[in-house]
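Below is the file query00.txt, which contains compact mmCIF, C-alpha atoms and all ligand atoms.
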# COMPACT_ATOMS: atom_id res chain seq x y z
CA MET A 205 13.67 -17.72 17.11
CA MET A 206 12.73 -14.10 16.74
CA LEU A 207 9.10 -13.18 15.95
CA PRO A 208 9.31 -10.41 13.33
CA TYR A 209 6.56 -7.78 12.97
CA SER A 210 5.61 -9.43 9.70
CA ARG A 211 6.70 -12.36 7.58
CA GLN A 212 5.62 -14.12 4.39
CA SER A 213 3.87 -17.49 4.41
CA ILE A 214 5.15 -19.85 1.71
CA SER A 215 3.48 -23.25 1.23
CA GLU A 216 4.59 -26.35 -0.69
CA ASP A 217 1.95 -25.45 -3.30
CA ASP A 218 3.54 -22.03 -3.75
CA ILE A 219 6.94 -23.67 -4.25
CA GLU A 220 5.50 -26.22 -6.67
CA LEU A 221 3.92 -23.60 -8.93
CA VAL A 222 7.13 -21.55 -9.04
CA CYS A 223 9.10 -24.71 -9.89
CA GLN A 224 6.66 -25.55 -12.69
CA THR A 225 7.28 -22.10 -14.11
CA LEU A 226 11.04 -22.62 -13.93
CA ARG A 227 10.57 -25.70 -16.09
CA SER A 228 8.30 -23.84 -18.54
CA GLU A 229 9.17 -21.77 -21.57
CA PHE A 230 8.69 -18.41 -19.85
CA LEU A 231 10.62 -16.78 -17.05
CA THR A 232 9.86 -13.15 -17.77
CA THR A 233 6.67 -12.01 -19.51
CA GLY A 234 4.57 -15.13 -20.10
CA PRO A 235 1.04 -16.42 -19.55
CA ARG A 236 1.16 -16.17 -15.77
CA VAL A 237 1.43 -12.40 -15.87
CA SER A 238 -1.95 -11.98 -17.55
CA GLN A 239 -3.46 -14.77 -15.43
CA PHE A 240 -2.32 -13.03 -12.27
CA GLU A 241 -3.64 -9.69 -13.53
CA GLN A 242 -7.00 -11.21 -14.37
CA ARG A 243 -7.39 -13.00 -11.04
CA PHE A 244 -6.35 -9.88 -9.17
CA ALA A 245 -8.82 -7.70 -11.09
CA GLU A 246 -11.55 -10.21 -10.19
CA LEU A 247 -10.52 -10.17 -6.52
CA VAL A 248 -10.88 -6.41 -6.24
CA GLY A 249 -13.76 -6.05 -8.68
CA ALA A 250 -11.95 -3.72 -11.09
CA LYS A 251 -11.87 -3.79 -14.89
CA TYR A 252 -8.10 -3.58 -15.43
CA ALA A 253 -5.04 -4.69 -13.47
CA VAL A 254 -1.47 -4.05 -14.61
CA ALA A 255 1.25 -6.07 -12.86
CA VAL A 256 4.46 -4.16 -12.15
CA SER A 257 7.77 -4.73 -10.38
CA SER A 258 6.85 -3.05 -7.07
CA GLY A 259 4.23 -1.04 -5.23
CA THR A 260 6.48 1.98 -5.76
CA ALA A 261 6.45 1.41 -9.53
CA ALA A 262 2.64 1.19 -9.43
CA LEU A 263 2.47 4.55 -7.62
CA HIS A 264 4.93 6.14 -10.07
CA LEU A 265 2.90 4.94 -13.06
CA ALA A 266 -0.34 6.08 -11.40
CA LEU A 267 0.94 9.65 -11.29
CA LEU A 268 2.26 9.47 -14.85
CA VAL A 269 -0.96 8.12 -16.37
CA ALA A 270 -2.93 10.77 -14.47
CA GLU A 271 -0.62 13.31 -16.16
CA ILE A 272 0.54 14.90 -12.94
CA GLY A 273 3.80 16.78 -13.33
CA SER A 274 5.70 19.95 -12.54
CA ASN A 275 3.55 22.84 -11.27
CA ASP A 276 1.17 20.33 -9.67
CA ARG A 277 0.68 19.50 -6.01
CA VAL A 278 -0.46 16.14 -4.66
CA VAL A 279 -1.67 15.75 -1.09
CA THR A 280 -1.18 12.52 0.84
CA SER A 281 -1.12 11.24 4.39
CA PRO A 282 2.08 11.77 6.41
CA ASN A 283 1.46 8.41 8.10
CA THR A 284 2.75 6.22 5.29
CA PHE A 285 5.81 4.62 3.80
CA LEU A 286 8.20 6.98 1.98
CA ALA A 287 7.24 5.61 -1.45
CA THR A 288 3.74 7.16 -1.36
CA ALA A 289 5.16 10.67 -1.31
CA ASN A 290 8.39 9.98 -3.21
CA CYS A 291 6.46 9.05 -6.36
CA VAL A 292 5.01 12.58 -6.43
CA ALA A 293 8.55 13.98 -6.44
CA TYR A 294 9.53 11.50 -9.21
CA VAL A 295 7.18 13.27 -11.63
CA GLY A 296 8.35 16.73 -10.57
CA ALA A 297 5.21 17.62 -8.61
CA ILE A 298 5.12 18.84 -4.99
CA PRO A 299 4.29 16.19 -2.37
CA ASP A 300 2.15 17.83 0.30
CA PHE A 301 0.59 16.41 3.47
CA ALA A 302 -2.70 16.80 5.28
CA ASP A 303 -3.20 15.49 8.80
CA ILE A 304 -4.67 12.13 9.74
CA ASP A 305 -7.95 11.26 11.36
CA PRO A 306 -7.25 10.37 15.03
CA VAL A 307 -9.44 7.26 14.90
CA SER A 308 -8.41 5.60 11.62
CA TYR A 309 -4.88 7.09 11.40
CA CYS A 310 -5.70 7.70 7.71
CA LEU A 311 -5.93 10.98 5.76
CA SER A 312 -8.68 13.16 7.24
CA PRO A 313 -11.12 14.45 4.58
CA LYS A 314 -11.59 17.62 6.59
CA ARG A 315 -7.86 18.31 6.90
CA LEU A 316 -7.54 17.52 3.19
CA ALA A 317 -10.12 20.19 2.37
CA ASP A 318 -8.33 22.69 4.66
CA SER A 319 -5.00 22.00 2.96
CA TRP A 320 -6.32 22.59 -0.57
CA GLN A 321 -4.23 24.91 -2.77
CA PRO A 322 -4.92 26.27 -6.26
CA ASP A 323 -2.27 23.90 -7.70
CA THR A 324 -3.53 20.73 -5.94
CA ARG A 325 -4.29 18.25 -8.71
CA GLY A 326 -4.22 14.92 -6.93
CA VAL A 327 -4.81 13.08 -3.67
CA ILE A 328 -3.23 9.81 -2.56
CA ALA A 329 -5.19 8.16 0.26
CA VAL A 330 -3.45 5.41 2.24
CA HIS A 331 -5.29 2.65 4.08
CA TYR A 332 -3.00 2.58 7.11
CA ALA A 333 -2.66 -0.90 8.64
CA GLY A 334 -5.63 -2.09 6.56
CA GLN A 335 -8.05 0.31 8.18
CA THR A 336 -9.76 2.09 5.28
CA ALA A 337 -9.53 5.79 4.63
CA ASP A 338 -12.92 7.50 4.19
CA MET A 339 -12.86 7.24 0.39
CA PRO A 340 -16.34 8.69 -0.34
CA ALA A 341 -15.56 11.83 1.70
CA ILE A 342 -12.04 12.15 0.26
CA ALA A 343 -13.34 11.76 -3.30
CA GLU A 344 -15.98 14.40 -2.66
CA VAL A 345 -13.32 16.96 -1.74
CA ALA A 346 -11.05 15.96 -4.65
CA ARG A 347 -13.66 15.76 -7.39
CA LYS A 348 -15.22 19.08 -6.48
CA ASN A 349 -11.78 20.44 -7.38
CA ASN A 350 -11.20 18.26 -10.48
CA ALA A 351 -8.36 16.37 -8.81
CA VAL A 352 -7.49 12.73 -9.41
CA VAL A 353 -7.90 10.26 -6.53
CA ILE A 354 -5.26 7.57 -6.11
CA GLU A 355 -5.62 4.91 -3.46
CA ASP A 356 -2.39 3.47 -2.04
CA ALA A 357 -3.88 0.14 -1.00
CA CYS A 358 -0.58 -1.59 -0.18
CA HIS A 359 -1.85 -2.28 3.36
CA ALA A 360 -5.34 -3.41 2.43
CA ILE A 361 -5.13 -6.18 -0.17
CA GLY A 362 -8.46 -8.00 -0.31
CA GLY A 363 -10.10 -5.59 2.14
CA ARG A 364 -13.61 -4.20 1.83
CA PHE A 365 -15.59 -1.44 3.49
CA GLU A 366 -19.18 -0.53 4.19
CA HIS A 367 -20.82 2.64 2.90
CA GLN A 368 -24.53 3.48 3.23
CA GLY A 369 -25.50 -0.15 3.66
CA SER A 370 -23.45 -1.54 0.75
CA CYS A 371 -20.09 -3.27 0.77
CA TYR A 372 -17.26 -2.18 -1.54
CA PRO A 373 -13.89 -3.82 -2.28
CA ILE A 374 -10.68 -1.78 -1.94
CA GLY A 375 -9.58 -1.15 -5.54
CA GLY A 376 -13.03 -1.78 -6.99
CA HIS A 377 -15.19 1.08 -5.65
CA PRO A 378 -16.25 4.31 -7.37
CA TRP A 379 -14.20 6.74 -5.21
CA ALA A 380 -10.69 6.11 -6.56
CA ASP A 381 -9.49 6.60 -10.14
CA ILE A 382 -6.47 4.34 -9.64
CA SER A 383 -5.52 1.93 -6.84
CA THR A 384 -2.05 0.57 -6.18
CA PHE A 385 -0.92 -2.57 -4.35
CA SER A 386 2.40 -4.04 -3.20
CA PHE A 387 3.42 -7.70 -2.97
CA HIS A 388 6.58 -7.11 -0.96
CA SER A 389 7.19 -10.01 1.40
CA VAL A 390 5.71 -8.30 4.48
CA LYS A 391 2.40 -7.59 2.71
CA THR A 392 -0.76 -9.74 2.75
CA ILE A 393 0.25 -11.75 -0.32
CA THR A 394 3.72 -11.73 -1.81
CA THR A 395 5.61 -12.17 -5.06
CA GLY A 396 8.94 -11.32 -3.40
CA GLU A 397 8.93 -7.82 -4.84
CA GLY A 398 5.95 -6.80 -6.94
CA GLY A 399 2.99 -4.53 -7.35
CA MET A 400 -0.27 -3.91 -9.18
CA LEU A 401 -1.98 -0.87 -10.65
CA VAL A 402 -5.76 -1.24 -10.81
CA THR A 403 -8.28 1.00 -12.57
CA ASN A 404 -11.60 1.07 -14.39
CA ASN A 405 -10.27 3.61 -16.88
CA PRO A 406 -9.14 1.91 -20.14
CA ARG A 407 -6.88 4.83 -21.11
CA TYR A 408 -5.03 4.69 -17.78
CA ALA A 409 -4.61 0.92 -18.04
CA GLU A 410 -3.33 1.06 -21.62
CA LYS A 411 -0.87 3.81 -20.84
CA ALA A 412 0.39 2.04 -17.69
CA ARG A 413 0.92 -1.14 -19.73
CA GLN A 414 3.07 0.77 -22.22
CA LEU A 415 5.04 2.65 -19.57
CA ARG A 416 5.97 -0.50 -17.65
CA SER A 417 7.91 -1.66 -20.71
CA HIS A 418 9.82 1.33 -22.09
CA GLY A 419 6.75 3.00 -23.60
CA MET A 420 7.06 0.47 -26.41
CA VAL A 421 4.14 -0.48 -28.66
CA ARG A 422 4.12 -3.29 -31.17
CA GLU A 423 0.72 -2.71 -32.73
CA GLU A 424 -0.40 -0.16 -35.30
CA PRO A 425 2.14 2.55 -35.97
CA SER A 426 0.80 5.94 -34.96
CA PHE A 427 3.42 8.35 -36.22
CA SER A 428 0.72 10.14 -38.16
CA GLY A 429 -1.29 10.44 -34.93
CA LEU A 430 1.63 12.28 -33.38
CA GLY A 431 1.83 14.56 -36.41
CA LEU A 432 5.15 13.08 -37.49
CA GLN A 433 6.34 11.68 -40.76
CA GLN A 434 5.55 7.98 -41.29
CA PRO A 435 8.51 5.59 -41.22
CA THR A 436 9.19 4.27 -44.71
CA GLU A 437 9.23 0.58 -43.89
CA PHE A 438 6.96 -1.56 -41.70
CA GLY A 439 7.24 -5.25 -40.93
CA PRO A 440 6.86 -7.91 -38.30
CA TRP A 441 9.90 -6.50 -36.46
CA TYR A 442 8.35 -3.09 -36.05
CA TYR A 443 8.17 -1.53 -32.60
CA GLU A 444 7.47 2.05 -31.74
CA MET A 445 8.06 4.28 -28.74
CA GLN A 446 5.56 7.08 -28.21
CA GLN A 447 6.41 7.98 -24.62
CA LEU A 448 9.32 7.56 -22.22
CA GLY A 449 8.79 4.41 -20.18
CA PHE A 450 10.66 2.10 -17.81
CA ASN A 451 11.39 -1.53 -17.15
CA TYR A 452 8.76 -2.06 -14.46
CA ARG A 453 7.72 -5.55 -15.55
CA LEU A 454 6.84 -8.34 -13.12
CA THR A 455 8.17 -11.78 -14.11
CA ASP A 456 6.26 -14.98 -14.83
CA LEU A 457 8.09 -16.58 -11.91
CA GLN A 458 6.80 -13.92 -9.55
CA CYS A 459 3.28 -14.06 -11.00
CA ALA A 460 3.26 -17.84 -10.45
CA LEU A 461 3.92 -17.19 -6.77
CA GLY A 462 1.26 -14.48 -6.79
CA LEU A 463 -1.32 -16.82 -8.34
CA SER A 464 -0.61 -19.45 -5.73
CA GLN A 465 -0.77 -16.89 -2.93
CA LEU A 466 -4.16 -15.70 -4.21
CA ASN A 467 -5.48 -19.21 -3.53
CA ARG A 468 -4.70 -18.60 0.14
CA ILE A 469 -5.58 -14.93 0.52
CA ASN A 470 -8.82 -15.59 2.39
CA GLN A 471 -7.00 -17.73 4.95
CA PHE A 472 -4.36 -15.03 5.34
CA ILE A 473 -6.93 -12.30 5.88
CA CYS A 474 -8.95 -14.40 8.36
CA ARG A 475 -5.90 -15.38 10.39
CA ARG A 476 -4.70 -11.78 10.59
CA ARG A 477 -8.19 -10.71 11.70
CA GLU A 478 -8.18 -13.41 14.41
CA ILE A 479 -4.84 -12.19 15.74
CA VAL A 480 -6.12 -8.59 15.81
CA ASP A 481 -9.16 -9.79 17.79
CA GLN A 482 -6.95 -11.67 20.27
CA TYR A 483 -4.70 -8.65 20.79
CA ASN A 484 -7.67 -6.31 21.12
CA ALA A 485 -9.33 -8.55 23.71
CA ALA A 486 -6.12 -8.62 25.74
CA PHE A 487 -5.25 -4.93 25.48
CA SER A 488 -8.53 -3.00 25.28
CA ALA A 489 -8.95 -2.56 29.04
CA ASN A 490 -5.30 -1.68 29.66
CA PRO A 491 -5.20 2.06 30.49
CA TRP A 492 -1.71 2.50 29.01
CA LEU A 493 -2.55 1.04 25.62
CA GLY A 494 -4.66 2.39 22.75
CA ILE A 495 -5.83 -0.39 20.45
CA PRO A 496 -6.56 0.22 16.75
CA ARG A 497 -10.14 1.43 16.39
CA LEU A 498 -12.26 1.13 13.28
CA ARG A 499 -13.59 4.26 11.62
CA ASN A 500 -16.78 2.32 10.93
CA PRO A 501 -17.68 -0.61 13.26
CA ALA A 502 -19.49 -2.25 10.31
CA ASP A 503 -16.03 -2.89 8.77
CA ARG A 504 -15.10 -5.39 11.48
CA ASP A 505 -15.47 -8.46 9.27
CA LEU A 506 -14.41 -6.66 6.08
CA THR A 507 -11.00 -5.32 7.07
CA SER A 508 -7.80 -6.89 5.72
CA TRP A 509 -5.25 -6.02 8.43
CA HIS A 510 -1.61 -5.48 7.51
CA LEU A 511 -0.29 -4.09 10.81
CA TYR A 512 -1.20 -4.19 14.46
CA THR A 513 -0.09 -0.84 15.85
CA LEU A 514 -0.65 0.11 19.47
CA GLN A 515 -0.59 3.60 20.91
CA ILE A 516 1.45 3.27 24.08
CA ASP A 517 1.68 5.99 26.72
CA PHE A 518 5.42 5.57 27.22
CA ALA A 519 5.74 8.84 29.16
CA ALA A 520 3.07 7.90 31.72
CA LEU A 521 4.73 4.51 32.07
CA GLY A 522 8.02 6.24 32.90
CA SER A 523 9.64 4.40 30.04
CA THR A 524 10.80 5.00 26.47
CA ARG A 525 10.00 3.28 23.21
CA SER A 526 13.63 2.24 22.79
CA GLN A 527 13.53 0.51 26.18
CA TRP A 528 10.35 -1.30 25.18
CA MET A 529 11.77 -2.43 21.85
CA HIS A 530 14.90 -3.59 23.60
CA ARG A 531 13.00 -5.57 26.26
CA LEU A 532 10.72 -7.13 23.64
CA LYS A 533 13.73 -8.11 21.59
CA GLU A 534 15.28 -9.85 24.59
CA LEU A 535 12.07 -11.88 24.78
CA GLY A 536 12.34 -12.82 21.10
CA ILE A 537 9.69 -10.35 19.95
CA GLY A 538 10.34 -8.01 17.06
CA SER A 539 8.55 -4.68 16.88
CA GLN A 540 8.62 -1.75 14.50
CA VAL A 541 7.66 1.91 14.39
CA LEU A 542 5.41 2.70 11.44
CA TYR A 543 5.56 5.53 10.48
CA ILE A 544 7.74 8.59 11.03
CA PRO A 545 5.68 11.39 9.38
CA VAL A 546 7.20 11.54 5.90
CA TYR A 547 7.63 15.32 5.83
CA LEU A 548 9.97 15.13 8.85
CA GLN A 549 12.56 13.29 6.75
CA PRO A 550 15.67 15.38 6.10
CA TRP A 551 15.16 15.34 2.33
CA TYR A 552 11.60 16.68 2.65
CA ARG A 553 12.56 19.33 5.19
CA GLN A 554 15.37 20.54 3.00
CA LYS A 555 13.58 20.41 -0.33
CA TYR A 556 10.14 21.74 0.70
CA GLY A 557 10.83 23.51 4.00
CA TYR A 558 8.52 21.26 6.02
CA ALA A 559 8.93 21.23 9.80
CA GLU A 560 7.48 19.93 13.07
CA GLY A 561 3.92 20.98 13.75
CA LYS A 562 2.68 20.56 10.16
CA CYS A 563 0.42 17.60 11.05
CA ALA A 564 -0.07 17.47 14.82
CA GLN A 565 -2.15 14.27 14.87
CA ALA A 566 0.35 12.33 12.77
CA GLU A 567 3.19 13.50 15.01
CA ALA A 568 1.28 12.53 18.17
CA PHE A 569 0.48 9.15 16.65
CA TYR A 570 4.12 8.59 15.73
CA ARG A 571 5.34 9.44 19.26
CA ASN A 572 3.33 6.59 20.80
CA ALA A 573 3.22 4.05 17.96
CA LEU A 574 4.59 0.54 18.17
CA SER A 575 3.67 -2.25 15.75
CA LEU A 576 3.63 -5.79 17.14
CA PRO A 577 4.16 -9.09 15.28
CA MET A 578 1.14 -9.99 13.15
CA PHE A 579 1.32 -12.49 10.29
CA PRO A 580 -0.64 -15.59 9.29
CA ASP A 581 1.91 -18.20 10.37
CA MET A 582 1.91 -16.95 13.97
CA SER A 583 0.58 -19.64 16.31
CA ASP A 584 -1.83 -18.92 19.16
CA SER A 585 1.06 -19.47 21.54
CA ASP A 586 3.14 -16.87 19.65
CA VAL A 587 0.25 -14.44 20.11
CA ASP A 588 0.08 -15.28 23.82
CA THR A 589 3.82 -14.72 24.17
CA VAL A 590 3.44 -11.22 22.75
CA ILE A 591 0.38 -10.47 24.90
CA GLU A 592 2.17 -11.57 28.07
CA ALA A 593 5.28 -9.58 27.27
CA VAL A 594 3.38 -6.37 26.48
CA THR A 595 1.10 -6.73 29.51
CA CYS A 596 4.09 -7.36 31.72
CA LEU A 597 5.84 -4.23 30.41
CA THR A 598 2.81 -2.09 31.32
CA GLU A 599 2.82 -3.54 34.85
CA SER A 600 6.51 -3.13 35.57
CA ARG A 601 6.51 0.66 35.71
C1 LIG B 1 4.97 -1.35 0.90
C2 LIG B 1 4.39 -0.02 0.63
C3 LIG B 1 4.70 0.73 -0.52
C4 LIG B 1 5.79 0.35 -1.47
O1 LIG B 1 5.67 -0.91 -2.01
P1 LIG B 1 6.99 -1.64 -2.59
O2 LIG B 1 6.43 -2.86 -3.22
O3 LIG B 1 7.87 -1.94 -1.41
O4 LIG B 1 7.62 -0.74 -3.56
C5 LIG B 1 4.01 1.91 -0.74
N1 LIG B 1 3.09 2.36 0.13
C6 LIG B 1 2.78 1.69 1.25
C7 LIG B 1 1.72 2.23 2.15
C8 LIG B 1 3.43 0.49 1.55
O5 LIG B 1 3.14 -0.14 2.68
This structure in structure tokens:
Amino acid sequence: MMLPYSRQSISEDDIELVCQTLRSEFLTTGPRVSQFEQRFAELVGAKYAVAVSSGTAALHLALLVAEIGSNDRVVTSPNTFLATANCVAYVGAIPDFADIDPVSYCLSPKRLADSWQPDTRGVIAVHYAGQTADMPAIAEVARKNNAVVIEDACHAIGGRFEHQGSCYPIGGHPWADISTFSFHSVKTITTGEGGMLVTNNPRYAEKARQLRSHGMVREEPSFSGLGLQQPTEFGPWYYEMQQLGFNYRLTDLQCALGLSQLNRINQFICRRREIVDQYNAAFSANPWLGIPRLRNPADRDLTSWHLYTLQIDFAALGSTRSQWMHRLKELGIGSQVLYIPVYLQPWYRQKYGYAEGKCAQAEAFYRNALSLPMFPDMSDSDVDTVIEAVTCLTESR
């Protein structure tokens, strides 16, 4: 059996709750959607949570509710999944990139400040691997310039960070206007596909709720508010569309799974942290390997890890990453490279003229990055298998 770099953990309780929902009245939008939203908002300490069909949908809605559009620029980290930057292009704005911090592999506040343009109206910080971006410093740069701060927290569900002696939850701190999460099956908790938009701003939450379902409103008609003529007839059937929305709803079935997964999130986070500790203990003294380092050592017991990514000096080892991945695969160990700097993708090069050299740290990180298996159902012996294989590969040069 192959050890993948990540995999969901589904318990009998998870299955039972989904089955109960299948036998209930609701498959699509039912009571479990609002229950899941409420529990998630409590988890992250935010006022509002809006469940949507994916992390990508949450990012798209975040940009829409922040009213970012054409003629605007949004800066993000190049070391992220495509969706973080794609959502900027969805709304007609320019996705731009500032380099990463070499310790956290997250957006550098200093590089962000250097990259600032007159049309920059938003920042999307990404908590790579679960390691938190320096949100207070990023928000300081953004807010000085009246820009909105979005936190792509897909890697950091349930994580927290320390700042000036206090502890803040990802999604529930004062330095992001909107936070987005994904429940894709490789993430910390899963609903199959799914996502969440979280905010303390009631206007953002209300608008996101409308946009996830066609921009449709069933309450008070507001034609007069839009300066239009009132419809002649109202009634219990009445629905009204005030803005162009989507079908980004999450189903009751998926929210049932999400609710059940939330019961286990602390176990998931602790197990992932244990595996990170075991890997770090095994690899920290190896001169060919760079282990993930925390931006702030006080975050050690607060971090919710999504990935375990090593920096490997393939060149000094006289080897290549492809050879490593191939050898690991022969030993039943999956590995993955996360991420190719987004602006190096053909579409980005062609559309925006981006090229090599734009973010030197992100490119250097990418050259040596390899993510190893890390998920809660891994046994200690699975972890040992990976440690032995990786150690052996550094000794066989
Ligand atoms: C997974 C992920 C997304 C996209 O989430 P989906 O649910 O797959 O749409 C966005 N950003 C980051 C950093 C992710 O890891």
With a cut-off of 9 Å, could you pull out the residues of chain A touching ligand LIG 1 (chain B) and give me the nearest pair of atoms for each, distance in Å to one decimal, using only C-alpha atoms and all ligand atoms, ordered by chain and ascending number, as CSV?
residue,atom,partner,partner_atom,distance
A:Ser257,CA,B:LIG1,O2,7.5
A:Ser258,CA,B:LIG1,O2,3.9
A:Gly259,CA,B:LIG1,O2,3.5
A:Thr260,CA,B:LIG1,O4,3.7
A:Ala261,CA,B:LIG1,O4,6.5
A:Ala262,CA,B:LIG1,O4,7.9
A:Leu263,CA,B:LIG1,C5,7.5
A:Asn283,CA,B:LIG1,C7,8.6
A:Thr284,CA,B:LIG1,C7,5.2
A:Phe285,CA,B:LIG1,C6,4.9
A:Leu286,CA,B:LIG1,C5,7.1
A:Ala287,CA,B:LIG1,C5,5.0
A:Thr288,CA,B:LIG1,N1,5.1
A:Ala289,CA,B:LIG1,N1,8.7
A:Val330,CA,B:LIG1,C7,6.1
A:His331,CA,B:LIG1,C7,7.3
A:Tyr332,CA,B:LIG1,C7,6.9
A:Ala333,CA,B:LIG1,O5,8.4
A:Asp356,CA,B:LIG1,N1,6.0
A:Ala357,CA,B:LIG1,C7,6.8
A:Cys358,CA,B:LIG1,C8,4.8
A:His359,CA,B:LIG1,O5,5.5
A:Thr384,CA,B:LIG1,C5,8.3
A:Phe385,CA,B:LIG1,O1,7.2
A:Ser386,CA,B:LIG1,O2,4.2
A:Phe387,CA,B:LIG1,O2,5.7
A:His388,CA,B:LIG1,O2,4.8
A:Ser389,CA,B:LIG1,O2,8.5
A:Val390,CA,B:LIG1,C1,7.9
A:Lys391,CA,B:LIG1,C1,7.0
A:Gly396,CA,B:LIG1,O2,8.8
A:Glu397,CA,B:LIG1,O2,5.8
A:Gly398,CA,B:LIG1,O2,5.4
A:Gly399,CA,B:LIG1,O2,5.6
A:His510,CA,B:LIG1,O5,8.6
key: Selected residue, from A:Val278, A:Val327, A:Val295, A:Leu511, that lies nearest to Phe579 (chain A) when counting all atoms listed in the file   =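 Among the listed residues, the smallest separation from Phe579 (chain A) belongs to A:Leu511.
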ask   = Could you pull the residues within 6 Å of region 322-325 of chain A, counting only C-alpha atoms, minus those fewer than 2 positions along the same chain, as number ranges by chain?
value = A: 276-278, 351
Residues just named, written with C-alpha atoms as a PDB file, keeping the file's coordinate frame:
ATOM      1  CA  ASP A 276       1.170  20.330  -9.670  1.00  0.00           C
ATOM      2  CA  ARG A 277       0.680  19.500  -6.010  1.00  0.00           C
ATOM      3  CA  VAL A 278      -0.460  16.140  -4.660  1.00  0.00           C
ATOM      4  CA  ALA A 351      -8.360  16.370  -8.810  1.00  0.00           C
TER       5      ALA A 351
END
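For the residues A:Gln335, A:Gln212, A:Ser508, A:Asn290, ranking by smallest atom-to-atom distance to Gln549 (chain A) using all atoms listed in the file places A:Asn290 first.
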ask   = Neighbours of Leu231 (chain A) within 9 Å (all atoms listed in the file; same-chain residues fewer than 5 positions away dropped), as a ChimeraX atom specification?
value = /A:225-226,455-458
Please save C-alpha atoms of the selected residues as a PDB file, keeping the file's coordinate frame.
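Wrote part-v7.pdb, looks like this:
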ATOM      1  CA  THR A 225       7.280 -22.100 -14.110  1.00  0.00           C
ATOM      2  CA  LEU A 226      11.040 -22.620 -13.930  1.00  0.00           C
ATOM      3  CA  THR A 455       8.170 -11.780 -14.110  1.00  0.00           C
ATOM      4  CA  ASP A 456       6.260 -14.980 -14.830  1.00  0.00           C
ATOM      5  CA  LEU A 457       8.090 -16.580 -11.910  1.00  0.00           C
ATOM      6  CA  GLN A 458       6.800 -13.920  -9.550  1.00  0.00           C
TER       7      GLN A 458
END
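For the pair CA of Ala460 (chain A) and CA of Val402 (chain A), the separation is 18.9 Å.
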inquiry  = Which residues are close to Leu268 (chain A), i.e. within 10 Å by all atoms listed in the file, leaving aside same-chain residues fewer than 6 positions away? Reply as a list of chain:residue names.
reply    =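 With the cut-off at 10 Å, the set is A:Ala262, A:Cys291, A:Val292, A:Tyr294, A:Val295, A:Tyr408, A:Lys411, A:Ala412, A:Leu415, A:Gly449.
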ask   = Which residues, written as a VMD selection string, have at least one atom at most 12 Å from region 236-238 of chain A, with only C-alpha atoms counted and residues fewer than 4 positions away on the same chain left out?
value = chain A and resid 221 to 222 224 to 226 228 to 232 242 to 245 252 to 257 395 398 to 400 413 453 to 464
ask   = Using all atoms listed in the file, which of A:Ser417, A:Ser370, A:Thr598, A:Thr403 sits nearest Glu246 (chain A)?
value =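 So, comparing all the options, the nearest one is A:Thr403.
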